[in-house]
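**Q** You'll find work-v8.txt just under this line, and it carries compact mmCIF, C-alpha atoms and all ligand atoms.
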```txt
# COMPACT_ATOMS: atom_id res chain seq x y z
CA MET A 1 -10.03 18.29 23.62
CA LYS A 2 -8.72 15.25 25.49
CA THR A 3 -8.32 11.72 24.18
CA GLN A 4 -6.15 8.65 24.74
CA VAL A 5 -4.73 8.26 21.22
CA CYS A 6 -4.47 11.10 18.70
CA ILE A 7 -4.15 9.73 15.16
CA ILE A 8 -2.77 12.06 12.49
CA GLY A 9 -4.02 11.04 9.01
CA GLY A 10 -7.34 9.62 7.86
CA GLY A 11 -6.05 7.22 5.20
CA PRO A 12 -6.46 3.46 5.54
CA SER A 13 -3.81 3.19 8.32
CA GLY A 14 -5.29 5.87 10.57
CA LEU A 15 -8.89 4.82 10.06
CA MET A 16 -8.20 1.14 10.59
CA LEU A 17 -6.36 1.79 13.86
CA SER A 18 -9.07 4.19 14.99
CA GLN A 19 -11.76 1.61 14.34
CA LEU A 20 -9.91 -1.26 16.06
CA LEU A 21 -9.10 0.83 19.15
CA HIS A 22 -12.67 2.10 19.41
CA LEU A 23 -13.96 -1.49 19.41
CA LYS A 24 -11.72 -2.13 22.45
CA GLY A 25 -13.02 0.97 24.22
CA ILE A 26 -9.85 3.03 23.65
CA ASP A 27 -10.74 6.64 23.00
CA ASN A 28 -9.18 8.22 19.91
CA VAL A 29 -9.42 11.13 17.51
CA VAL A 30 -8.39 11.21 13.83
CA LEU A 31 -7.10 14.48 12.35
CA GLU A 32 -7.20 14.53 8.54
CA LYS A 33 -5.82 17.39 6.46
CA HIS A 34 -8.20 16.96 3.52
CA SER A 35 -11.92 16.55 2.98
CA ARG A 36 -13.42 13.08 2.86
CA GLU A 37 -14.30 13.59 -0.83
CA TYR A 38 -10.64 14.30 -1.58
CA VAL A 39 -9.39 11.22 0.31
CA LEU A 40 -11.96 9.06 -1.49
CA SER A 41 -11.06 10.40 -4.92
CA ARG A 42 -7.57 8.94 -4.85
CA ILE A 43 -7.21 5.76 -6.92
CA ARG A 44 -4.75 3.37 -5.31
CA ALA A 45 -3.80 -0.29 -5.67
CA GLY A 46 -6.23 -3.10 -5.00
CA VAL A 47 -4.64 -6.33 -3.78
CA LEU A 48 -5.16 -7.27 -0.12
CA GLU A 49 -3.22 -10.00 1.52
CA HIS A 50 -5.01 -12.55 3.62
CA GLY A 51 -3.84 -10.96 6.91
CA PHE A 52 -5.10 -7.54 5.89
CA ALA A 53 -8.50 -8.92 4.93
CA LYS A 54 -8.67 -10.61 8.34
CA LEU A 55 -7.92 -7.31 10.04
CA MET A 56 -10.74 -5.65 8.08
CA ARG A 57 -13.13 -8.28 9.41
CA GLU A 58 -11.83 -7.85 12.95
CA ALA A 59 -12.48 -4.11 12.54
CA GLN A 60 -16.09 -5.02 11.54
CA CYS A 61 -15.46 -3.54 8.10
CA GLY A 62 -15.18 -6.69 6.01
CA GLU A 63 -18.76 -7.22 4.90
CA ARG A 64 -18.66 -5.44 1.52
CA MET A 65 -15.08 -6.60 0.91
CA ASP A 66 -16.24 -10.20 1.37
CA ARG A 67 -19.25 -9.63 -0.86
CA GLU A 68 -17.70 -7.62 -3.69
CA GLY A 69 -13.99 -8.43 -3.49
CA GLU A 70 -12.60 -11.28 -5.56
CA ILE A 71 -10.46 -14.05 -4.13
CA HIS A 72 -7.46 -14.68 -6.37
CA GLU A 73 -5.53 -17.89 -6.03
CA GLY A 74 -2.93 -17.07 -8.65
CA PHE A 75 -1.63 -14.55 -11.18
CA PHE A 76 0.23 -14.64 -14.48
CA ILE A 77 3.66 -13.49 -15.53
CA ALA A 78 4.04 -12.78 -19.25
CA HIS A 79 7.48 -12.95 -20.83
CA GLN A 80 8.75 -13.53 -24.34
CA GLY A 81 5.28 -14.08 -25.74
CA GLU A 82 4.28 -16.65 -23.13
CA LEU A 83 1.94 -16.56 -20.13
CA LYS A 84 2.96 -18.51 -17.06
CA ARG A 85 0.78 -18.87 -13.99
CA VAL A 86 2.02 -18.50 -10.42
CA ASP A 87 -0.19 -20.78 -8.35
CA LEU A 88 -0.42 -18.82 -5.10
CA HIS A 89 -2.81 -21.28 -3.51
CA ARG A 90 -0.65 -24.31 -4.18
CA PHE A 91 2.66 -22.70 -3.29
CA SER A 92 1.58 -20.78 -0.19
CA GLY A 93 -0.09 -23.65 1.61
CA GLY A 94 -3.65 -22.81 0.58
CA ASN A 95 -3.49 -19.02 0.84
CA SER A 96 -4.86 -16.38 -1.54
CA VAL A 97 -5.30 -12.60 -1.91
CA VAL A 98 -8.43 -10.44 -2.16
CA VAL A 99 -8.75 -8.04 -5.09
CA TYR A 100 -10.67 -5.08 -3.68
CA GLY A 101 -9.96 -1.43 -4.46
CA GLN A 102 -8.30 0.58 -1.73
CA THR A 103 -10.65 3.47 -2.39
CA GLU A 104 -13.63 1.22 -1.58
CA LEU A 105 -11.85 -0.12 1.48
CA THR A 106 -11.27 3.43 2.75
CA ARG A 107 -14.95 4.20 2.15
CA ASP A 108 -15.91 1.15 4.25
CA LEU A 109 -13.64 2.34 7.06
CA TYR A 110 -15.20 5.82 6.99
CA ASP A 111 -18.70 4.29 7.05
CA ALA A 112 -17.75 2.18 10.06
CA ARG A 113 -16.33 5.23 11.87
CA ASP A 114 -19.62 7.08 11.17
CA ARG A 115 -21.70 4.16 12.45
CA MET A 116 -19.77 4.12 15.72
CA LYS A 117 -19.73 7.91 15.97
CA GLY A 118 -15.95 7.94 15.83
CA VAL A 119 -14.33 11.38 15.84
CA VAL A 120 -12.70 12.11 12.46
CA ILE A 121 -11.89 15.78 11.94
CA HIS A 122 -11.50 16.76 8.29
CA ASN A 123 -9.79 19.83 6.86
CA ALA A 124 -7.56 20.04 9.94
CA GLU A 125 -4.91 22.60 8.96
CA ASP A 126 -1.38 23.00 10.32
CA VAL A 127 -1.50 19.80 12.35
CA GLN A 128 1.48 19.84 14.70
CA PRO A 129 2.55 17.35 17.37
CA HIS A 130 4.17 18.75 20.56
CA ASP A 131 6.08 17.47 23.63
CA LEU A 132 6.56 14.03 22.07
CA THR A 133 9.22 13.00 24.57
CA GLN A 134 7.16 14.22 27.54
CA PRO A 135 4.64 12.08 29.45
CA HIS A 136 1.78 14.28 28.17
CA PRO A 137 2.14 15.05 24.47
CA PHE A 138 -0.43 17.12 22.59
CA VAL A 139 -1.35 17.96 19.03
CA THR A 140 -2.57 21.29 17.72
CA TYR A 141 -4.44 22.07 14.52
CA ARG A 142 -6.24 24.99 13.00
CA GLN A 143 -9.80 25.02 11.78
CA GLY A 144 -11.08 28.27 10.39
CA GLY A 145 -9.46 30.93 12.51
CA GLU A 146 -9.32 28.78 15.64
CA VAL A 147 -6.39 26.77 17.01
CA VAL A 148 -7.51 23.55 18.72
CA ARG A 149 -5.37 21.57 21.18
CA VAL A 150 -5.75 17.80 21.60
CA ASP A 151 -4.17 16.38 24.77
CA CYS A 152 -3.39 12.68 24.59
CA ASP A 153 -1.22 9.79 25.82
CA PHE A 154 0.08 8.80 22.38
CA VAL A 155 0.35 10.36 18.93
CA ILE A 156 0.11 8.09 15.89
CA GLY A 157 1.72 9.39 12.71
CA ALA A 158 -0.41 7.78 9.98
CA ASP A 159 -0.23 10.80 7.69
CA GLY A 160 1.43 9.26 4.65
CA PHE A 161 4.75 10.00 3.01
CA HIS A 162 4.29 13.79 2.91
CA GLY A 163 2.87 14.12 6.42
CA VAL A 164 4.09 16.16 9.34
CA SER A 165 4.71 13.31 11.83
CA ARG A 166 7.95 11.89 10.47
CA LYS A 167 9.28 15.43 10.04
CA SER A 168 8.81 16.08 13.75
CA ILE A 169 11.44 13.46 14.63
CA PRO A 170 14.85 15.18 14.97
CA LYS A 171 17.32 14.55 12.13
CA THR A 172 19.84 13.27 14.70
CA VAL A 173 17.44 10.43 15.62
CA LEU A 174 15.89 9.56 12.25
CA ARG A 175 17.66 7.52 9.61
CA GLU A 176 16.14 7.43 6.14
CA TYR A 177 16.84 4.84 3.44
CA GLU A 178 15.70 5.58 -0.08
CA LYS A 179 15.86 4.21 -3.59
CA VAL A 180 14.32 6.11 -6.49
CA TYR A 181 13.65 4.16 -9.69
CA PRO A 182 14.32 5.79 -13.06
CA PHE A 183 10.73 5.31 -14.31
CA GLY A 184 7.08 5.60 -13.31
CA TRP A 185 3.79 3.80 -13.90
CA LEU A 186 1.13 5.29 -16.11
CA GLY A 187 -2.18 3.91 -14.83
CA VAL A 188 -5.53 3.84 -16.59
CA LEU A 189 -8.91 2.90 -15.13
CA SER A 190 -11.55 1.98 -17.69
CA ARG A 191 -15.07 0.66 -17.60
CA THR A 192 -14.23 -2.38 -19.71
CA LYS A 193 -14.17 -6.10 -19.13
CA PRO A 194 -10.73 -7.10 -17.76
CA VAL A 195 -8.60 -8.93 -20.28
CA SER A 196 -7.89 -11.69 -17.76
CA PRO A 197 -9.75 -12.90 -14.67
CA GLU A 198 -6.37 -12.99 -12.88
CA LEU A 199 -3.67 -10.29 -12.85
CA ILE A 200 -0.98 -10.35 -15.56
CA TYR A 201 2.46 -8.89 -14.77
CA ALA A 202 4.33 -8.50 -18.08
CA LYS A 203 8.07 -8.23 -18.59
CA HIS A 204 8.89 -6.77 -22.00
CA GLU A 205 11.91 -5.02 -23.48
CA ARG A 206 9.78 -1.92 -24.17
CA GLY A 207 8.95 -1.84 -20.47
CA PHE A 208 6.80 -3.46 -17.81
CA ALA A 209 2.99 -3.70 -18.07
CA LEU A 210 0.30 -4.83 -15.62
CA CYS A 211 -3.27 -5.93 -16.27
CA SER A 212 -5.31 -5.61 -13.09
CA LEU A 213 -8.96 -5.11 -12.26
CA ARG A 214 -11.44 -3.78 -9.77
CA SER A 215 -14.38 -5.94 -10.86
CA GLN A 216 -15.55 -7.86 -13.91
CA VAL A 217 -16.62 -4.55 -15.51
CA LEU A 218 -13.80 -2.29 -14.31
CA SER A 219 -10.20 -2.72 -15.46
CA ARG A 220 -6.99 -1.19 -14.16
CA TYR A 221 -3.95 -1.26 -16.45
CA TYR A 222 -0.44 0.13 -16.08
CA ILE A 223 2.61 0.61 -18.28
CA GLN A 224 6.14 1.59 -17.30
CA VAL A 225 6.98 5.09 -18.64
CA PRO A 226 10.02 7.40 -18.41
CA LEU A 227 9.90 9.91 -15.55
CA THR A 228 9.92 12.72 -18.08
CA ASP A 229 6.52 11.66 -19.53
CA THR A 230 3.35 13.46 -18.51
CA VAL A 231 -0.27 12.31 -18.68
CA GLU A 232 -0.80 14.78 -21.53
CA ASP A 233 1.76 12.85 -23.57
CA TRP A 234 -0.49 9.81 -23.52
CA SER A 235 -3.80 9.81 -25.38
CA ASP A 236 -6.05 6.83 -24.60
CA GLU A 237 -5.26 5.42 -28.07
CA ALA A 238 -1.49 5.65 -27.49
CA PHE A 239 -1.88 3.96 -24.10
CA TRP A 240 -3.88 0.99 -25.42
CA GLU A 241 -1.52 0.55 -28.32
CA GLU A 242 1.55 0.50 -26.09
CA LEU A 243 -0.09 -1.79 -23.54
CA LYS A 244 -0.95 -4.31 -26.25
CA ARG A 245 2.57 -4.25 -27.67
CA ARG A 246 3.93 -5.35 -24.31
CA LEU A 247 1.56 -8.31 -23.89
CA PRO A 248 1.56 -11.73 -25.58
CA ASP A 249 -0.45 -11.70 -28.84
CA GLU A 250 -3.16 -14.00 -27.46
CA VAL A 251 -3.79 -11.47 -24.66
CA SER A 252 -3.69 -8.33 -26.83
CA ALA A 253 -6.07 -9.96 -29.29
CA ARG A 254 -8.81 -10.19 -26.66
CA MET A 255 -8.17 -6.81 -25.01
CA VAL A 256 -11.32 -4.70 -24.76
CA THR A 257 -10.43 -1.00 -24.87
CA GLY A 258 -12.50 2.05 -24.00
CA PRO A 259 -12.23 5.61 -22.72
CA SER A 260 -10.12 6.11 -19.59
CA ILE A 261 -12.02 7.27 -16.54
CA GLU A 262 -8.80 8.00 -14.63
CA LYS A 263 -5.25 8.38 -15.87
CA SER A 264 -2.24 9.22 -13.75
CA ILE A 265 1.53 8.73 -13.50
CA ALA A 266 3.19 7.64 -10.26
CA PRO A 267 6.97 7.53 -9.80
CA LEU A 268 8.40 4.36 -8.22
CA ARG A 269 10.22 4.72 -4.95
CA SER A 270 11.40 2.61 -2.02
CA PHE A 271 11.75 4.35 1.33
CA VAL A 272 12.14 3.37 4.99
CA ALA A 273 12.48 5.63 8.04
CA GLU A 274 13.98 4.23 11.23
CA PRO A 275 13.06 4.10 14.06
CA MET A 276 9.26 4.07 13.83
CA ARG A 277 8.93 5.38 17.38
CA TYR A 278 10.09 8.63 18.90
CA GLY A 279 9.01 9.13 22.52
CA ASN A 280 5.23 8.91 22.47
CA LEU A 281 4.99 9.23 18.67
CA PHE A 282 4.50 6.04 16.64
CA LEU A 283 4.72 6.07 12.83
CA ALA A 284 2.59 3.70 10.75
CA GLY A 285 2.08 3.01 7.05
CA ASP A 286 3.28 5.34 4.30
CA ALA A 287 4.50 7.85 6.92
CA ALA A 288 7.34 5.43 7.64
CA HIS A 289 7.82 3.40 4.46
CA ILE A 290 7.01 3.31 0.76
CA VAL A 291 7.42 0.52 -1.77
CA PRO A 292 7.12 0.48 -5.55
CA PRO A 293 3.70 -1.04 -6.37
CA THR A 294 5.06 -4.08 -8.22
CA GLY A 295 4.62 -6.61 -5.42
CA ALA A 296 1.35 -5.07 -4.12
CA ARG A 297 2.92 -4.57 -0.69
CA GLY A 298 2.12 -0.89 0.09
CA LEU A 299 -1.18 -1.16 1.90
CA ASN A 300 -0.29 -4.60 3.21
CA SER A 301 2.85 -3.27 4.93
CA ALA A 302 0.70 -0.59 6.52
CA GLY A 303 -1.59 -3.39 7.70
CA SER A 304 1.12 -5.15 9.67
CA ASP A 305 2.12 -1.87 11.37
CA ILE A 306 -1.50 -1.37 12.42
CA TYR A 307 -1.73 -4.94 13.68
CA TYR A 308 1.37 -4.55 15.90
CA LEU A 309 0.37 -1.09 17.10
CA TYR A 310 -3.19 -2.09 17.87
CA HIS A 311 -2.10 -5.07 19.94
CA ALA A 312 0.58 -3.02 21.71
CA LEU A 313 -1.89 -0.28 22.65
CA VAL A 314 -4.51 -2.75 23.86
CA ARG A 315 -1.87 -4.48 25.98
CA HIS A 316 -0.80 -1.11 27.40
CA TYR A 317 -4.31 0.06 28.28
CA LYS A 318 -5.86 -3.25 29.34
CA GLN A 319 -2.93 -4.96 31.06
CA GLY A 320 -0.72 -2.03 31.99
CA ASP A 321 2.10 -3.70 30.07
CA SER A 322 4.12 -1.52 27.69
CA GLN A 323 6.35 -4.22 26.22
CA GLY A 324 4.44 -4.22 22.91
CA LEU A 325 5.01 -0.49 22.58
CA GLU A 326 8.69 -0.91 23.43
CA GLU A 327 9.07 -3.56 20.74
CA TYR A 328 6.87 -1.89 18.12
CA SER A 329 9.56 -0.23 16.02
CA SER A 330 11.87 -3.22 15.75
CA LYS A 331 9.05 -5.71 15.16
CA ALA A 332 7.35 -3.56 12.52
CA LEU A 333 10.63 -2.77 10.76
CA ALA A 334 11.63 -6.44 10.55
CA ARG A 335 8.54 -7.14 8.44
CA VAL A 336 8.72 -3.83 6.58
CA TRP A 337 12.22 -4.66 5.33
CA LYS A 338 11.09 -8.06 4.06
CA ALA A 339 8.35 -6.33 2.06
CA GLN A 340 11.00 -3.88 0.80
CA ARG A 341 13.20 -6.73 -0.37
CA PHE A 342 10.34 -8.48 -2.14
CA SER A 343 9.12 -5.29 -3.85
CA TRP A 344 12.64 -4.44 -4.98
CA TRP A 345 13.13 -7.97 -6.33
CA MET A 346 9.88 -8.02 -8.28
CA THR A 347 10.49 -4.50 -9.61
CA THR A 348 14.03 -5.38 -10.68
CA LEU A 349 12.93 -8.62 -12.30
CA LEU A 350 10.09 -7.19 -14.37
CA HIS A 351 11.13 -3.66 -15.40
CA THR A 352 13.43 -2.40 -18.13
CA PHE A 353 16.17 -0.27 -16.59
CA PRO A 354 17.59 2.33 -19.00
CA ALA A 355 21.15 1.96 -17.66
CA ASN A 356 21.26 -1.85 -17.69
CA SER A 357 24.11 -3.63 -19.44
CA ASP A 358 23.52 -6.73 -21.58
CA TYR A 359 24.91 -8.70 -18.66
CA ASP A 360 22.27 -7.24 -16.29
CA ASN A 361 19.53 -8.07 -18.77
CA LYS A 362 20.74 -11.66 -19.14
CA LEU A 363 20.59 -12.09 -15.36
CA ARG A 364 16.95 -10.89 -15.32
CA ASP A 365 16.07 -13.36 -18.06
CA VAL A 366 17.74 -16.20 -16.22
CA ASP A 367 16.05 -15.15 -12.97
CA MET A 368 12.75 -15.55 -14.83
CA ALA A 369 13.74 -18.90 -16.32
CA TYR A 370 14.83 -20.12 -12.88
CA LEU A 371 11.53 -18.98 -11.32
CA PHE A 372 9.48 -21.18 -13.61
CA SER A 373 11.84 -24.14 -13.46
CA SER A 374 11.94 -24.26 -9.67
CA GLU A 375 9.06 -24.98 -7.32
CA ALA A 376 11.18 -23.57 -4.48
CA ALA A 377 11.43 -20.23 -6.31
CA GLN A 378 7.67 -20.14 -6.97
CA ARG A 379 7.05 -21.02 -3.33
CA SER A 380 9.18 -18.08 -2.26
CA LEU A 381 7.30 -15.74 -4.62
CA ALA A 382 3.91 -17.04 -3.47
CA GLU A 383 4.81 -16.83 0.24
CA ASN A 384 5.79 -13.17 -0.11
CA TYR A 385 2.91 -12.19 -2.40
CA VAL A 386 0.18 -13.54 -0.12
CA GLY A 387 1.95 -11.87 2.82
CA LEU A 388 4.45 -13.11 5.38
CA PRO A 389 2.97 -13.85 8.82
CA PHE A 390 2.53 -10.86 11.16
N1 LIG B 401 -2.11 16.41 8.84
C1 LIG B 401 -3.19 15.57 8.79
N2 LIG B 401 -3.37 14.65 7.84
C2 LIG B 401 -2.42 14.54 6.90
C3 LIG B 401 -1.26 15.38 6.89
C4 LIG B 401 -1.14 16.34 7.92
N3 LIG B 401 -0.09 17.15 7.97
N4 LIG B 401 -0.49 15.03 5.84
C5 LIG B 401 -1.14 14.04 5.21
N5 LIG B 401 -2.30 13.74 5.83
C6 LIG B 401 -3.29 12.73 5.46
C7 LIG B 401 -3.47 12.57 3.97
O1 LIG B 401 -4.37 13.52 3.44
C8 LIG B 401 -3.98 11.14 3.85
O2 LIG B 401 -5.39 11.07 3.83
O3 LIG B 401 -2.86 11.45 5.90
C9 LIG B 401 -3.45 10.44 5.10
C10 LIG B 401 -2.40 9.39 4.79
O4 LIG B 401 -2.99 8.38 4.02
P1 LIG B 401 -2.15 7.48 2.98
O5 LIG B 401 -1.21 8.32 2.22
O6 LIG B 401 -3.16 6.69 2.22
O7 LIG B 401 -1.27 6.54 3.91
P2 LIG B 401 -1.69 5.29 4.80
O8 LIG B 401 -2.98 5.53 5.50
O9 LIG B 401 -0.49 4.90 5.57
O10 LIG B 401 -2.07 4.18 3.74
C11 LIG B 401 -1.27 3.12 3.39
O11 LIG B 401 0.04 2.33 1.61
O12 LIG B 401 1.27 2.16 -0.33
C12 LIG B 401 0.24 2.70 0.27
O13 LIG B 401 -1.39 2.97 -1.45
C13 LIG B 401 -1.11 2.57 -0.17
O14 LIG B 401 -2.13 4.59 0.52
C14 LIG B 401 -1.81 3.34 0.92
C15 LIG B 401 -0.83 3.29 1.99
C1 LIG B 402 -3.82 -2.42 -8.92
O1 LIG B 402 -4.80 -3.11 -9.17
O2 LIG B 402 -3.88 -1.19 -8.90
C2 LIG B 402 -2.52 -3.09 -8.65
C3 LIG B 402 -2.47 -4.47 -8.54
C4 LIG B 402 -1.26 -5.10 -8.28
C5 LIG B 402 -0.11 -4.36 -8.14
C6 LIG B 402 -0.16 -2.98 -8.21
C7 LIG B 402 -1.36 -2.33 -8.47
O3 LIG B 402 1.06 -5.00 -7.91
```
Written as structure tokens, how would this file's structure read?
**A**
Amino acid sequence: MKTQVCIIGGGPSGLMLSQLLHLKGIDNVVLEKHSREYVLSRIRAGVLEHGFAKLMREAQCGERMDREGEIHEGFFIAHQGELKRVDLHRFSGGNSVVVYGQTELTRDLYDARDRMKGVVIHNAEDVQPHDLTQPHPFVTYRQGGEVVRVDCDFVIGADGFHGVSRKSIPKTVLREYEKVYPFGWLGVLSRTKPVSPELIYAKHERGFALCSLRSQVLSRYYIQVPLTDTVEDWSDEAFWEELKRRLPDEVSARMVTGPSIEKSIAPLRSFVAEPMRYGNLFLAGDAAHIVPPTGARGLNSAGSDIYYLYHALVRHYKQGDSQGLEEYSSKALARVWKAQRFSWWMTTLLHTFPANSDYDNKLRDVDMAYLFSSEAAQRSLAENYVGLPF
């Protein structure tokens, strides 16, 4: 098989790039390890920054997002029994975010790829990039008993944190930065009316909690749990009880509970790999960086990678100018690190760290008091939450 761009990974990053390139007449193939059903069964976060939503529309995939997604102009932070609102709209110069589940977004991208007869190969086993520093790289994969070779100009590593792409960069070239947090998030999806029309991030001494939603009939809630906990440790009843304990009374009192339709624990981790380019391989999204979910930056950081890469590839193919590709890694990483900083800050502010001293805890409390006493601090929070410019 021969193509211009071979994309490894059919998650949101790979599919979005595939769709955008196709619309510009750039031939590409997506190789995905799992079945479509498997990819679409993963429940992920659901807050899209303004720039990401724009990219979805540019990719001709924004119709359902615009119809079913909710525009949120603010969210709440709960602390010491009080609810305080962060006015995103006011403090970000009129910006907002779109609450729309990532699973639905991925489904829209797949539908668009089908409509345009895009090539997405599922259940591609043993995907392996080759000759990345040569002018003609290629990728091999296995399907059934057969090994298939894809010749291409560029390989895009959009295969998530556990993918093969990053691992094919030599250790002498790659530098990895990592921070592992000593807790995870237990998440529950339930077919109940959300307790609040806007998200509530709660700081509580028993641990962080988050009230989020997918629609007005589908709620998504999270609580901070020790890494040693398993899903089996948490009955639905125990989850609701603990969630309510961490929220202000007025919120708990109106909480509608019900059976969980999904329950999972995710550890919190920050990770960045540098550089994001090796020869003709370009990393994008979770393959190159991970954030804890607190600031809702994960998918949005992937979005800025795709934006830079898309424009760089179009410039290369349409104008014969490779400067965008040359600059990709440094440009993408500059924004990635800002998202890392923001996610780390919000995680540190809102979670209970087992090893914290009283002094550390006092600083978190004063950070919170400062936030709500200073418009400058709220402006900074809002600017980062709605997404820094690409
Ligand atoms: N070969 C082919 N495909 C692979 C391989 C491999 N060796 N390894 C992983 N994949 C596939 C996975 O099955 C998955 O569908 O690559 C895809 C990567 O998708 P994601 O993990 O969703 O990563 P990405 O597309 O970058 O999405 C951005 O940001 O914080 C997150 O939750 C957010 O998932 C979102 C991500
Ligand atoms: C979610 O709805 O799953 C969600 C929302 C905001 C976050 C993280 C997760 O910061």
**Q** List all protein, DNA and RNA residues that have at least one atom no more than 7 Å from any atom of ligand LIG 401 (chain B), counting all atoms listed in the file, and write them as a PyMOL selection string.
**A** chain A and resi 8-14+31-34+39+44-45+124-127+158-164+284-287+290-291+297-299+302
**Q** My list of candidates is A:Glu326, A:Glu37, A:Asp305, A:Glu205. Which is closest to Thr106 in chain A when distances are computed with only C-alpha atoms?
**A**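 Closest residue, counting only C-alpha atoms: A:Glu37.
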**Q** Which residues of chain A have any atom within 6 Å of an atom in ligand LIG 402 (chain B) when counting all atoms listed in the file, and what is the closest pair of atoms for each, with the distance in Å to one decimal? Order the rows by chain and rising number and write it as a Markdown table.
**A**
```
| residue | atom | partner | partner_atom | distance |
| --- | --- | --- | --- | --- |
| A:Arg44 | CA | B:LIG402 | O2 | 5.9 |
| A:Ala45 | CA | B:LIG402 | O2 | 3.4 |
| A:Gly46 | CA | B:LIG402 | O1 | 4.4 |
| A:Val47 | CA | B:LIG402 | C3 | 5.6 |
| A:Ser212 | CA | B:LIG402 | O1 | 4.7 |
| A:Leu213 | CA | B:LIG402 | O1 | 5.6 |
| A:Arg220 | CA | B:LIG402 | O1 | 5.8 |
| A:Pro293 | CA | B:LIG402 | C6 | 4.7 |
| A:Thr294 | CA | B:LIG402 | O3 | 4.1 |
| A:Gly295 | CA | B:LIG402 | O3 | 4.6 |
| A:Ala296 | CA | B:LIG402 | O3 | 3.8 |
```
**Q** Please report the interatomic distance between CA of Ala112 in chain A and CA of Val155 in chain A in Å with one decimal.
**A**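 Going from CA of Ala112 in chain A over to CA of Val155 in chain A, I get 21.8 Å.
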**Q** Separation of CA of Arg254 in chain A and CA of Ile71 in chain A, in Å?
**A**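 Going from CA of Arg254 in chain A over to CA of Ile71 in chain A, I get 22.9 Å.
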**Q** Which one is closest to Gly81 in chain A: A:Ala312, A:Leu243, A:Met368, A:Ala202? Count only C-alpha atoms.
**A**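 Checking each candidate against Gly81 in chain A, we get A:Ala202 as the closest.
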**Q** Nearest residue to Gly207 in chain A out of A:Thr352, A:Ser96, A:Asn123, A:Ser35, using only C-alpha atoms?
**A**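 Counting only C-alpha atoms, the residue closest to Gly207 in chain A is A:Thr352.
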**Q** Which value, in Å to one decimal, gives the distance between CA of Glu82 in chain A and CA of Asp229 in chain A?
**A**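 Going from CA of Glu82 in chain A over to CA of Asp229 in chain A covers 28.6 Å.
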**Q** Write out as a ChimeraX atom specification each polymer residue whose atoms come within 12 Å of range 320-323 of chain A, counting all atoms listed in the file; drop sequence neighbours fewer than 5 positions from it.
**A** /A:280,308-309,311-315,328-331
**Q** Write the residues of the preceding selection, restricted to C-alpha atoms, as a PDB file, in the coordinates of the input.
**A**
```pdb
ATOM      1  CA  ASN A 280       5.230   8.910  22.470  1.00  0.00           C
ATOM      2  CA  TYR A 308       1.370  -4.550  15.900  1.00  0.00           C
ATOM      3  CA  LEU A 309       0.370  -1.090  17.100  1.00  0.00           C
ATOM      4  CA  HIS A 311      -2.100  -5.070  19.940  1.00  0.00           C
ATOM      5  CA  ALA A 312       0.580  -3.020  21.710  1.00  0.00           C
ATOM      6  CA  LEU A 313      -1.890  -0.280  22.650  1.00  0.00           C
ATOM      7  CA  VAL A 314      -4.510  -2.750  23.860  1.00  0.00           C
ATOM      8  CA  ARG A 315      -1.870  -4.480  25.980  1.00  0.00           C
ATOM      9  CA  TYR A 328       6.870  -1.890  18.120  1.00  0.00           C
ATOM     10  CA  SER A 329       9.560  -0.230  16.020  1.00  0.00           C
ATOM     11  CA  SER A 330      11.870  -3.220  15.750  1.00  0.00           C
ATOM     12  CA  LYS A 331       9.050  -5.710  15.160  1.00  0.00           C
TER      13      LYS A 331
END
```
**Q** Nearest residue to Leu48 in chain A out of A:Ala339, A:Val5, A:Leu350, A:Val386, using all atoms listed in the file?
**A**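 Using all atoms listed in the file, Leu48 in chain A sits closest to A:Val386.
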**Q** Quick one: everything within 8 Å of Gly51 in chain A, counting only C-alpha atoms, minus sequence neighbours fewer than 6 positions away in the same chain. Send it as a tab-separated table (two decimals) with C-alpha atoms, in the coordinates of the input.
**A**
```tsv
chain	number	residue	atom	x	y	z
A	303	GLY	CA	-1.59	-3.39	7.70
A	387	GLY	CA	1.95	-11.87	2.82
A	389	PRO	CA	2.97	-13.85	8.82
A	390	PHE	CA	2.53	-10.86	11.16
```
